[in-house]
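work.pdb, holding PDB, C-alpha atoms and all ligand atoms:
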```pdb
MODEL        1
ATOM      1  CA  MET A 675       0.000   0.000   0.000
ATOM      2  CA  ARG A 676       1.317   3.420  -0.909
ATOM      3  CA  VAL A 677       0.908   6.342   1.505
ATOM      4  CA  ILE A 678       0.879   9.879   0.078
ATOM      5  CA  HIS A 679       0.813  13.071   2.123
ATOM      6  CA  SER A 680       1.282  15.740  -0.553
ATOM      7  CA  VAL A 681      -1.072  16.987  -3.239
ATOM      8  CA  ARG A 682       1.778  17.025  -5.738
ATOM      9  CA  ASN A 683       2.536  13.329  -5.256
ATOM     10  CA  LEU A 684      -1.144  12.513  -5.470
ATOM     11  CA  HIS A 685      -1.358  14.282  -8.845
ATOM     12  CA  SER A 686       1.565  12.312 -10.230
ATOM     13  CA  TRP A 687       0.150   9.030  -8.887
ATOM     14  CA  ARG A 688      -3.234   9.782 -10.490
ATOM     15  CA  ASN A 689      -1.690  10.597 -13.868
ATOM     16  CA  LYS A 690      -0.072   7.188 -14.183
ATOM     17  CA  LYS A 691      -0.914   5.270 -17.354
ATOM     18  CA  GLU A 692      -2.100   2.127 -15.566
ATOM     19  CA  LEU A 693      -4.905   4.090 -13.902
ATOM     20  CA  LEU A 694      -6.445   4.876 -17.290
ATOM     21  CA  GLU A 695      -8.128   1.482 -17.180
ATOM     22  CA  GLY A 696     -10.108  -0.036 -14.338
ATOM     23  CA  THR A 697     -12.424   1.411 -11.743
ATOM     24  CA  ILE A 698     -11.119   3.593  -8.930
ATOM     25  CA  GLY A 699     -13.092   3.283  -5.693
ATOM     26  CA  PHE A 700     -12.698   5.973  -3.050
ATOM     27  CA  VAL A 701     -13.506   5.971   0.669
ATOM     28  CA  PRO A 702     -13.129   9.460   2.188
ATOM     29  CA  THR A 703     -12.719   9.395   5.986
ATOM     30  CA  MET A 704     -11.623  11.515   8.919
ATOM     31  CA  GLY A 705      -9.642   8.577  10.330
ATOM     32  CA  ALA A 706     -10.245   6.837  13.689
ATOM     33  CA  LEU A 707     -11.278   3.997  11.408
ATOM     34  CA  HIS A 708     -13.819   1.476  12.675
ATOM     35  CA  ASP A 709     -15.949  -1.401  11.377
ATOM     36  CA  GLY A 710     -18.180   1.025   9.486
ATOM     37  CA  HIS A 711     -15.218   2.305   7.469
ATOM     38  CA  LEU A 712     -13.934  -1.241   7.053
ATOM     39  CA  SER A 713     -17.215  -2.295   5.452
ATOM     40  CA  LEU A 714     -16.884   0.596   2.945
ATOM     41  CA  MET A 715     -13.326  -0.449   2.098
ATOM     42  CA  GLN A 716     -14.346  -4.080   1.680
ATOM     43  CA  ARG A 717     -17.144  -3.089  -0.646
ATOM     44  CA  ALA A 718     -14.783  -0.909  -2.675
ATOM     45  CA  ARG A 719     -12.186  -3.717  -2.748
ATOM     46  CA  LYS A 720     -14.781  -6.133  -4.118
ATOM     47  CA  HIS A 721     -15.918  -3.897  -6.969
ATOM     48  CA  CYS A 722     -12.932  -1.744  -7.965
ATOM     49  CA  ARG A 723      -9.486  -2.411  -9.352
ATOM     50  CA  THR A 724      -7.903   0.404  -7.328
ATOM     51  CA  VAL A 725      -9.007   1.434  -3.848
ATOM     52  CA  VAL A 726      -8.100   4.822  -2.378
ATOM     53  CA  VAL A 727      -8.796   5.891   1.212
ATOM     54  CA  SER A 728      -8.280   9.421   2.520
ATOM     55  CA  VAL A 729      -7.691  10.219   6.180
ATOM     56  CA  PHE A 730      -8.160  13.914   6.857
ATOM     57  CA  VAL A 731      -9.786  15.566   9.869
ATOM     58  CA  ASN A 732     -11.412  18.408   7.986
ATOM     59  CA  PRO A 733     -11.371  21.595  10.094
ATOM     60  CA  LEU A 734     -13.963  23.278   7.838
ATOM     61  CA  GLN A 735     -16.775  20.961   8.912
ATOM     62  CA  PHE A 736     -16.419  21.618  12.653
ATOM     63  CA  GLY A 737     -18.228  24.550  14.251
ATOM     64  CA  GLU A 738     -16.326  26.887  16.568
ATOM     65  CA  THR A 739     -17.578  25.157  19.710
ATOM     66  CA  GLU A 740     -17.273  21.622  18.339
ATOM     67  CA  ASP A 741     -14.746  18.842  18.968
ATOM     68  CA  LEU A 742     -12.045  19.464  16.300
ATOM     69  CA  GLY A 743      -9.252  19.576  18.897
ATOM     70  CA  ARG A 744     -10.213  16.354  20.591
ATOM     71  CA  TYR A 745     -11.485  14.452  17.545
ATOM     72  CA  PRO A 746      -9.834  10.986  17.785
ATOM     73  CA  ARG A 747      -6.672  10.626  15.717
ATOM     74  CA  SER A 748      -5.023   7.229  15.272
ATOM     75  CA  PHE A 749      -2.969   7.342  12.107
ATOM     76  CA  HIS A 750      -0.809   4.262  12.759
ATOM     77  CA  ALA A 751      -3.792   2.042  13.526
ATOM     78  CA  ASP A 752      -5.661   3.522  10.521
ATOM     79  CA  ARG A 753      -2.735   2.770   8.205
ATOM     80  CA  ARG A 754      -2.576  -0.824   9.487
ATOM     81  CA  LEU A 755      -6.303  -1.324   8.967
ATOM     82  CA  CYS A 756      -6.117   0.055   5.423
ATOM     83  CA  ARG A 757      -3.203  -2.229   4.600
ATOM     84  CA  GLU A 758      -5.046  -5.257   5.977
ATOM     85  CA  ALA A 759      -8.171  -4.322   3.993
ATOM     86  CA  GLY A 760      -6.154  -4.363   0.756
ATOM     87  CA  VAL A 761      -6.265  -0.614   0.120
ATOM     88  CA  ASP A 762      -3.907   0.508  -2.685
ATOM     89  CA  LEU A 763      -3.408   4.120  -1.716
ATOM     90  CA  LEU A 764      -3.823   6.027   1.522
ATOM     91  CA  PHE A 765      -3.943   9.799   1.104
ATOM     92  CA  ALA A 766      -3.370  11.672   4.365
ATOM     93  CA  PRO A 767      -2.508  15.331   3.783
ATOM     94  CA  PRO A 768      -1.631  17.671   6.658
ATOM     95  CA  PRO A 769      -4.179  20.534   6.993
ATOM     96  CA  GLU A 770      -1.722  23.206   5.802
ATOM     97  CA  GLU A 771      -1.087  21.172   2.628
ATOM     98  CA  PHE A 772      -4.778  20.707   1.930
ATOM     99  CA  TYR A 773      -5.877  24.264   2.784
ATOM    100  CA  PRO A 774      -2.853  26.444   2.054
ATOM    101  CA  GLU A 775      -2.715  30.011   3.293
ATOM    102  CA  ASN A 776      -5.109  32.241   1.348
ATOM    103  CA  PHE A 777      -7.460  29.352   0.529
ATOM    104  CA  GLN A 778     -10.803  31.025  -0.246
ATOM    105  CA  THR A 779     -13.083  28.735  -2.236
ATOM    106  CA  THR A 780     -16.127  27.001  -0.814
ATOM    107  CA  VAL A 781     -18.750  24.695  -2.306
ATOM    108  CA  ARG A 782     -22.309  24.892  -1.024
ATOM    109  CA  VAL A 783     -25.412  22.791  -1.644
ATOM    110  CA  ASN A 784     -28.479  24.854  -0.827
ATOM    111  CA  SER A 785     -31.861  23.505   0.164
ATOM    112  CA  LEU A 786     -30.895  19.966   1.259
ATOM    113  CA  THR A 787     -28.512  21.380   3.856
ATOM    114  CA  GLN A 788     -31.003  23.667   5.616
ATOM    115  CA  ARG A 789     -32.789  21.260   7.932
ATOM    116  CA  TRP A 790     -31.772  18.701  10.577
ATOM    117  CA  GLU A 791     -27.978  18.498  10.782
ATOM    118  CA  GLY A 792     -27.731  21.759   8.832
ATOM    119  CA  GLU A 793     -29.854  23.537  11.422
ATOM    120  CA  ALA A 794     -27.964  22.069  14.377
ATOM    121  CA  ARG A 795     -24.553  22.662  12.764
ATOM    122  CA  PRO A 796     -24.903  25.677  10.437
ATOM    123  CA  THR A 797     -21.394  25.564   8.875
ATOM    124  CA  HIS A 798     -21.035  21.793   8.790
ATOM    125  CA  PHE A 799     -22.269  20.864   5.327
ATOM    126  CA  GLN A 800     -20.394  23.644   3.579
ATOM    127  CA  GLY A 801     -17.232  22.186   5.121
ATOM    128  CA  VAL A 802     -18.167  18.699   3.975
ATOM    129  CA  THR A 803     -19.051  19.711   0.419
ATOM    130  CA  THR A 804     -15.884  21.772   0.088
ATOM    131  CA  VAL A 805     -13.568  18.994   1.261
ATOM    132  CA  VAL A 806     -15.382  16.289  -0.680
ATOM    133  CA  THR A 807     -15.249  18.328  -3.900
ATOM    134  CA  LYS A 808     -11.523  18.899  -3.464
ATOM    135  CA  LEU A 809     -10.949  15.205  -2.745
ATOM    136  CA  PHE A 810     -13.024  14.175  -5.767
ATOM    137  CA  CYS A 811     -11.005  16.558  -7.987
ATOM    138  CA  LEU A 812      -7.748  15.097  -6.699
ATOM    139  CA  VAL A 813      -8.576  11.376  -6.657
ATOM    140  CA  ARG A 814     -10.974  11.466  -9.631
ATOM    141  CA  PRO A 815     -12.727   8.258  -8.514
ATOM    142  CA  HIS A 816     -15.375   6.385 -10.471
ATOM    143  CA  ARG A 817     -17.151   5.405  -7.273
ATOM    144  CA  ALA A 818     -17.166   6.945  -3.822
ATOM    145  CA  TYR A 819     -18.395   4.952  -0.838
ATOM    146  CA  PHE A 820     -20.350   6.602   1.993
ATOM    147  CA  GLY A 821     -22.165   5.140   5.013
ATOM    148  CA  GLN A 822     -25.925   5.476   5.362
ATOM    149  CA  LYS A 823     -25.449   6.494   9.018
ATOM    150  CA  ASP A 824     -24.922  10.038   7.709
ATOM    151  CA  TYR A 825     -28.015   9.916   5.514
ATOM    152  CA  GLN A 826     -28.302  13.662   4.968
ATOM    153  CA  GLN A 827     -24.620  13.781   4.004
ATOM    154  CA  CYS A 828     -25.265  11.035   1.424
ATOM    155  CA  LEU A 829     -28.065  13.063  -0.180
ATOM    156  CA  VAL A 830     -25.984  16.244  -0.135
ATOM    157  CA  VAL A 831     -22.985  14.543  -1.773
ATOM    158  CA  ASN A 832     -25.230  12.955  -4.386
ATOM    159  CA  GLN A 833     -26.676  16.373  -5.191
ATOM    160  CA  LEU A 834     -23.192  17.826  -5.515
ATOM    161  CA  ILE A 835     -22.128  15.039  -7.913
ATOM    162  CA  HIS A 836     -25.248  15.672  -9.983
ATOM    163  CA  ASP A 837     -25.033  19.479  -9.987
ATOM    164  CA  LEU A 838     -21.332  19.598 -10.841
ATOM    165  CA  ASN A 839     -21.700  16.885 -13.523
ATOM    166  CA  LEU A 840     -19.001  14.792 -11.930
ATOM    167  CA  ASP A 841     -18.410  11.580 -13.855
ATOM    168  CA  MET A 842     -18.734   9.284 -10.841
ATOM    169  CA  ARG A 843     -21.281   7.548  -8.602
ATOM    170  CA  MET A 844     -21.861   7.680  -4.891
ATOM    171  CA  ILE A 845     -22.510   4.268  -3.351
ATOM    172  CA  ARG A 846     -24.516   4.428  -0.130
ATOM    173  CA  CYS A 847     -23.628   1.484   2.123
ATOM    174  CA  PRO A 848     -25.633   0.061   5.055
ATOM    175  CA  THR A 849     -25.003   1.322   8.578
ATOM    176  CA  VAL A 850     -22.860  -1.016  10.678
ATOM    177  CA  ARG A 851     -24.273  -1.486  14.192
ATOM    178  CA  GLU A 852     -23.201  -2.749  17.587
ATOM    179  CA  SER A 853     -25.162  -5.677  19.068
ATOM    180  CA  ASP A 854     -27.647  -3.324  20.820
ATOM    181  CA  GLY A 855     -28.261  -1.446  17.578
ATOM    182  CA  LEU A 856     -26.040   1.592  18.218
ATOM    183  CA  ALA A 857     -24.657   2.825  14.890
ATOM    184  CA  VAL A 858     -20.861   2.510  14.821
ATOM    185  CA  SER A 859     -19.241   5.963  14.857
ATOM    186  CA  SER A 860     -15.862   7.485  15.720
ATOM    187  CA  ARG A 861     -17.612   9.661  18.305
ATOM    188  CA  ASN A 862     -18.822   6.591  20.258
ATOM    189  CA  GLN A 863     -15.335   6.587  21.803
ATOM    190  CA  TYR A 864     -16.300   9.660  23.824
ATOM    191  CA  LEU A 865     -19.142   7.849  25.630
ATOM    192  CA  SER A 866     -18.682   6.874  29.275
ATOM    193  CA  ALA A 867     -19.777   3.331  30.232
ATOM    194  CA  HIS A 868     -23.069   4.730  31.525
ATOM    195  CA  GLN A 869     -23.669   6.865  28.416
ATOM    196  CA  ARG A 870     -22.800   3.932  26.189
ATOM    197  CA  VAL A 871     -25.755   1.990  27.614
ATOM    198  CA  GLN A 872     -28.111   4.976  27.148
ATOM    199  CA  ALA A 873     -26.842   5.573  23.596
ATOM    200  CA  GLY A 874     -28.586   2.407  22.408
ATOM    201  CA  LEU A 875     -31.940   4.130  22.983
ATOM    202  CA  LEU A 876     -31.667   6.167  19.785
ATOM    203  CA  SER A 877     -31.689   3.107  17.515
ATOM    204  CA  LYS A 878     -34.345   1.555  19.742
ATOM    205  CA  ALA A 879     -36.587   4.596  19.169
ATOM    206  CA  LEU A 880     -36.010   4.419  15.412
ATOM    207  CA  ARG A 881     -36.863   0.713  15.379
ATOM    208  CA  GLN A 882     -40.028   1.479  17.315
ATOM    209  CA  GLY A 883     -41.012   3.981  14.604
ATOM    210  CA  ARG A 884     -40.195   1.500  11.845
ATOM    211  CA  ASP A 885     -42.239  -1.244  13.503
ATOM    212  CA  ALA A 886     -45.196   1.080  13.954
ATOM    213  CA  ILE A 887     -45.134   1.928  10.226
ATOM    214  CA  ARG A 888     -44.781  -1.737   9.313
ATOM    215  CA  THR A 889     -47.818  -2.670  11.385
ATOM    216  CA  GLY A 890     -49.878  -0.187   9.411
ATOM    217  CA  ILE A 891     -49.969   2.903  11.645
ATOM    218  CA  ARG A 892     -50.075   5.950   9.383
ATOM    219  CA  ASN A 893     -50.619   8.754  11.848
ATOM    220  CA  VAL A 894     -47.268  10.537  12.050
ATOM    221  CA  ARG A 895     -48.006  12.024  15.496
ATOM    222  CA  THR A 896     -48.816   8.610  16.939
ATOM    223  CA  ILE A 897     -45.599   7.131  15.553
ATOM    224  CA  GLN A 898     -43.583  10.107  16.750
ATOM    225  CA  ALA A 899     -45.091   9.874  20.255
ATOM    226  CA  ARG A 900     -44.119   6.197  20.454
ATOM    227  CA  MET A 901     -40.542   6.976  19.491
ATOM    228  CA  GLU A 902     -40.278   9.957  21.830
ATOM    229  CA  LYS A 903     -41.564   7.887  24.727
ATOM    230  CA  ILE A 904     -38.496   5.674  24.500
ATOM    231  CA  LEU A 905     -36.149   8.649  24.796
ATOM    232  CA  GLY A 906     -38.424  10.596  27.114
ATOM    233  CA  ASN A 907     -38.092   8.009  29.856
ATOM    234  CA  ASN A 908     -34.440   8.835  30.200
ATOM    235  CA  SER A 909     -33.129  12.114  31.589
ATOM    236  CA  ASP A 910     -29.538  11.504  30.353
ATOM    237  CA  VAL A 911     -30.549  11.451  26.706
ATOM    238  CA  HIS A 912     -31.620  14.780  25.268
ATOM    239  CA  MET A 913     -33.585  14.476  22.035
ATOM    240  CA  GLU A 914     -32.664  17.020  19.344
ATOM    241  CA  TYR A 915     -34.966  15.694  16.654
ATOM    242  CA  LEU A 916     -36.866  12.576  15.617
ATOM    243  CA  ALA A 917     -38.558  13.063  12.283
ATOM    244  CA  ILE A 918     -40.259  11.025   9.593
ATOM    245  CA  CYS A 919     -39.238  12.486   6.271
ATOM    246  CA  ASP A 920     -39.356  12.122   2.536
ATOM    247  CA  SER A 921     -36.320   9.998   1.742
ATOM    248  CA  LYS A 922     -35.349  12.169  -1.244
ATOM    249  CA  ASN A 923     -35.685  15.753  -0.012
ATOM    250  CA  LEU A 924     -35.861  15.285   3.802
ATOM    251  CA  GLU A 925     -39.055  17.330   4.142
ATOM    252  CA  PRO A 926     -41.097  16.176   7.177
ATOM    253  CA  LEU A 927     -44.116  14.133   6.127
ATOM    254  CA  THR A 928     -47.723  14.324   7.222
ATOM    255  CA  GLN A 929     -48.819  11.428   5.021
ATOM    256  CA  LEU A 930     -46.753   8.261   4.766
ATOM    257  CA  ARG A 931     -46.224   6.555   1.435
ATOM    258  CA  GLY A 932     -43.395   5.027  -0.566
ATOM    259  CA  THR A 933     -40.018   4.914   1.170
ATOM    260  CA  VAL A 934     -39.575   7.220   4.135
ATOM    261  CA  VAL A 935     -36.554   7.929   6.292
ATOM    262  CA  ILE A 936     -36.761   8.265  10.066
ATOM    263  CA  LEU A 937     -34.023  10.644  11.171
ATOM    264  CA  GLY A 938     -32.851  11.030  14.764
ATOM    265  CA  ALA A 939     -30.303  13.042  16.720
ATOM    266  CA  VAL A 940     -29.678  12.981  20.459
ATOM    267  CA  ARG A 941     -27.233  14.556  22.865
ATOM    268  CA  LEU A 942     -25.685  12.756  25.828
ATOM    269  CA  GLY A 943     -23.838  15.456  27.748
ATOM    270  CA  THR A 944     -21.771  17.168  25.062
ATOM    271  CA  ILE A 945     -21.796  14.184  22.685
ATOM    272  CA  ARG A 946     -24.141  14.295  19.694
ATOM    273  CA  LEU A 947     -25.206  11.068  18.017
ATOM    274  CA  ILE A 948     -27.221  10.719  14.821
ATOM    275  CA  ASP A 949     -28.869   7.738  13.176
ATOM    276  CA  ASN A 950     -31.634   6.884  10.710
ATOM    277  CA  LEU A 951     -33.683   4.058   9.248
ATOM    278  CA  LEU A 952     -35.190   3.771   5.789
ATOM    279  CA  VAL A 953     -38.659   2.262   5.872
ATOM    280  CA  ARG A 954     -40.779   1.112   2.988
ATOM    281  CA  CYS A 955     -44.454   1.771   3.755
ATOM    282  CA  PRO A 956     -46.358  -1.420   2.948
TER     283      PRO A 956
HETATM  284  O1  LIG B1001     -18.283  11.301   6.872
HETATM  285  C1  LIG B1001     -17.143  11.739   7.118
HETATM  286  O2  LIG B1001     -16.308  11.090   7.766
HETATM  287  C2  LIG B1001     -16.760  13.119   6.628
HETATM  288  O3  LIG B1001     -17.839  13.985   6.654
HETATM  289  C3  LIG B1001     -16.100  13.090   5.230
HETATM  290  C4  LIG B1001     -17.072  12.619   4.173
HETATM  291  C5  LIG B1001     -14.876  12.202   5.252
HETATM  292  C6  LIG B1001     -15.645  14.494   4.844
HETATM  293  O4  LIG B1001     -14.691  14.992   5.728
ENDMDL
END
```
Would you mind giving the structure from this file in structure tokens?
Amino acid sequence: MRVIHSVRNLHSWRNKKELLEGTIGFVPTMGALHDGHLSLMQRARKHCRTVVVSVFVNPLQFGETEDLGRYPRSFHADRRLCREAGVDLLFAPPPEEFYPENFQTTVRVNSLTQRWEGEARPTHFQGVTTVVTKLFCLVRPHRAYFGQKDYQQCLVVNQLIHDLNLDMRMIRCPTVRESDGLAVSSRNQYLSAHQRVQAGLLSKALRQGRDAIRTGIRNVRTIQARMEKILGNNSDVHMEYLAICDSKNLEPLTQLRGTVVILGAVRLGTIRLIDNLLVRCP
């Protein structure tokens, strides 16, 4: 596996003749790699001739009061995991290489970024779309692999690919979960033992909503009340939102039909967790 830290070396790697043929699969990450990332790499490995992973903790997608400084960093373990997963190239630029002094360009997707995570974290998606666009321009992948856990991010990146006519596809991959249903995430490391037990309630609430829909309940308020009851019983888990939305534009629904997405975000102390479930209305 080759490791590249500079943009210049990445350009010369990408311009190699042998890359003219065969699919390039790309897994962008912020490191602290876990089973969720591993599943993306394995999927890319299965379907692409060349697999590229980036590890870059992107300062632009953290708000001023967020956890950029303490975001987990584990480059040596990440490199080992990539090697074991059969990754061909690991791109890990230092921040000053990626955003040189006087960097002033941003990429913004409009309406899809307004609600939910966009409301809770007003500068977040602009940071994501800027870094992802830069990474796509550098790696020029045919396929990019993203986890469904960040459902809104998946829609936003898909919109960006469409709007900028990028010649590539985003592949949305299933959320990897712990045995109690908690979605695997780098931020789970912050949870204390007590919080870790409470954290499972978010996926439990989402499953409750899914089961209600599957048994034929169509009243959104009734479903919402059932989900909220699960979180409401616990004073350590603060609900930010639980919403049943159109799976394409994330508008909240009053009538359920087709495929809907149940989105949820909770806070345990200072730790925010998000999750979602796609549900097909029978
Ligand atoms: O999902 C993430 O880890 C990040 O938002 C991404 C896509 C790597 C951009 O920094």
Contact check, range 819-857 of chain A to range 871-893 of chain A, at most 10 Å, counting all atoms listed in the file, closest pairs as a tab-separated table:
```
residue	atom	partner	partner_atom	distance
A:Arg851	CA	A:Ser877	CA	9.3
A:Glu852	CA	A:Gly874	CA	8.9
A:Ser853	CA	A:Gly874	CA	9.4
A:Asp854	CA	A:Gly874	CA	6.0
A:Gly855	CA	A:Ser877	CA	5.7
A:Leu856	CA	A:Gly874	CA	5.0
A:Ala857	CA	A:Ser877	CA	7.5
```
Writing out the chosen residues with C-alpha atoms as a compact mmCIF listing (two decimals), in the frame of the given file:
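Output file out.txt follows:
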```txt
# COMPACT_ATOMS: atom_id res chain seq x y z
CA ARG A 851 -24.27 -1.49 14.19
CA GLU A 852 -23.20 -2.75 17.59
CA SER A 853 -25.16 -5.68 19.07
CA ASP A 854 -27.65 -3.32 20.82
CA GLY A 855 -28.26 -1.45 17.58
CA LEU A 856 -26.04 1.59 18.22
CA ALA A 857 -24.66 2.82 14.89
```
To box ligand LIG 1001 (chain B), take all atoms listed in the file, fit an axis-aligned box, add 8 Å on each side, and give centre and edge lengths in Å to one decimal, as AutoDock Vina command-line options.
```
--center_x -16.5 --center_y 13.0 --center_z 6.0 --size_x 19.6 --size_y 19.9 --size_z 19.6
```
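Taking all atoms listed in the file into account, ligand LIG 1001 (chain B) lies nearest to A:Gly801 out of the set A:Pro768, A:Pro956, A:Gly792, A:Gly801.
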Neighbours of Leu924 in chain A within 10 Å (only C-alpha atoms; same-chain residues fewer than 4 positions away dropped), as JSON, numbers by chain? {"A": [785, 786, 787, 788, 789, 790, 825, 826, 829, 917, 918, 919, 920, 934, 935, 936, 937]}
Can you work out which residues are within 9 Å of ligand LIG 1001 (chain B), considering all atoms listed in the file, and then hand them over as a PyMOL selection string? chain A and resi 701-705+711+728-735+798-799+801-806+809+820-821+823-824+827-828+831+860
Near-range 836-847 of chain A list (7 Å; only C-alpha atoms; drop same-chain fewer than 3 positions) as a VMD selection string: chain A and resid 714 815 to 822 828 832 to 833
